[in-house]
Amino acid sequence: MGVGGTLEYLSDLVNSGHKHKKKKQLQTVELKVRMDCDGCELKVKKALSSLSGVKSVEINRKQQKVSVTGYVEANKVLKKAKSTGKRAEIWPYVPYNLVAQPYIAQAYDKKAPPGYVRNVENMNMTSSTGTVTRYEDPYTTMFSDDNPNACSIM
């Protein structure tokens, strides 16, 4: 254990009586929860309202969207929503006008509410960068001395 490790250990011993918790920030967590009837809606609302730190729960059954506002963590809200037995996920859609290319295959979703598309920034865009690399390779090797079929222009 080096000097830094020793100092950290001693600091933890001195401050062990003073637990400093980070205060959670007020935030809105949006979920997509599968709800079919008033009973489902009530069950989800009751479960999410029981979480500590929740200020309000708003449900839009037509969009299958639940908005929870309060001093909560997104993963805890998601876990509580799943505990009701309903299929739940973090809201995957963004407004149509915020996406550069809303009609690409990854963004377009038939199940999305009107005016929304899937958030493609979180998805892996390796396929598009892979195609760029494939197009660059032929041009860089076309006039190479290593390529026996290369064109020689002098």
# chains A, B, ... in the order shown; residues from 1 in each chain; ligands from 1

$ residues_around --residues "region 37-47 of chain A" --least-positions-apart "6" --cutoff "7 Å" --atoms "only C-alpha atoms" --output "PyMOL selection string"
chain A and resi 57+80-81+84

$ write_last_selection --atoms "N, CA, C and O atoms" --output "PDB file, in the first residue's frame"
ATOM      1  N   VAL A  57     -46.806  11.029 -11.053  1.00  0.00           N
ATOM      2  CA  VAL A  57     -46.803   9.970 -12.053  1.00  0.00           C
ATOM      3  C   VAL A  57     -47.879  10.315 -13.071  1.00  0.00           C
ATOM      4  O   VAL A  57     -49.051  10.452 -12.721  1.00  0.00           O
ATOM      5  N   LYS A  80     -39.192  -1.124 -10.648  1.00  0.00           N
ATOM      6  CA  LYS A  80     -40.497  -1.121  -9.985  1.00  0.00           C
ATOM      7  C   LYS A  80     -41.618  -1.322 -11.000  1.00  0.00           C
ATOM      8  O   LYS A  80     -42.584  -2.040 -10.735  1.00  0.00           O
ATOM      9  N   ALA A  81     -41.479  -0.717 -12.181  1.00  0.00           N
ATOM     10  CA  ALA A  81     -42.490  -0.889 -13.227  1.00  0.00           C
ATOM     11  C   ALA A  81     -42.530  -2.337 -13.706  1.00  0.00           C
ATOM     12  O   ALA A  81     -43.608  -2.894 -13.943  1.00  0.00           O
ATOM     13  N   THR A  84     -44.510  -4.982 -11.618  1.00  0.00           N
ATOM     14  CA  THR A  84     -45.966  -5.098 -11.753  1.00  0.00           C
ATOM     15  C   THR A  84     -46.355  -6.215 -12.710  1.00  0.00           C
ATOM     16  O   THR A  84     -47.529  -6.540 -12.818  1.00  0.00           O
TER      17      THR A  84
END

$ residues_around --residues "Thr28 (chain A)" --least-positions-apart "5" --cutoff "7 Å" --atoms "only C-alpha atoms" --output "list in words"
Ser67, Val68, Thr69 and Gly70 of chain A

$ atom_distance --atom1 "CA of Arg87 (chain A)" --atom2 "CA of Glu58 (chain A)"
17.4 Å

$ closest_residue --among "A:Thr6, A:Lys24, A:Tyr71, A:Val33" --to "Gly85 (chain A)" --atoms "only C-alpha atoms"
A:Val33

$ closest_residue --among "A:Ala74, A:Asp12, A:Pro102, A:Val29" --to "Ser56 (chain A)" --atoms "only C-alpha atoms"
A:Val29

$ closest_residue --among "A:Ile90, A:Leu98, A:Ile104, A:Ala112" --to "Lys32 (chain A)" --atoms "only C-alpha atoms"
A:Ile90

$ residues_around --residues "Ala107 (chain A)" --least-positions-apart "4" --cutoff "7 Å" --atoms "only C-alpha atoms" --output "PyMOL selection string"
chain A and resi 102-103+117-120
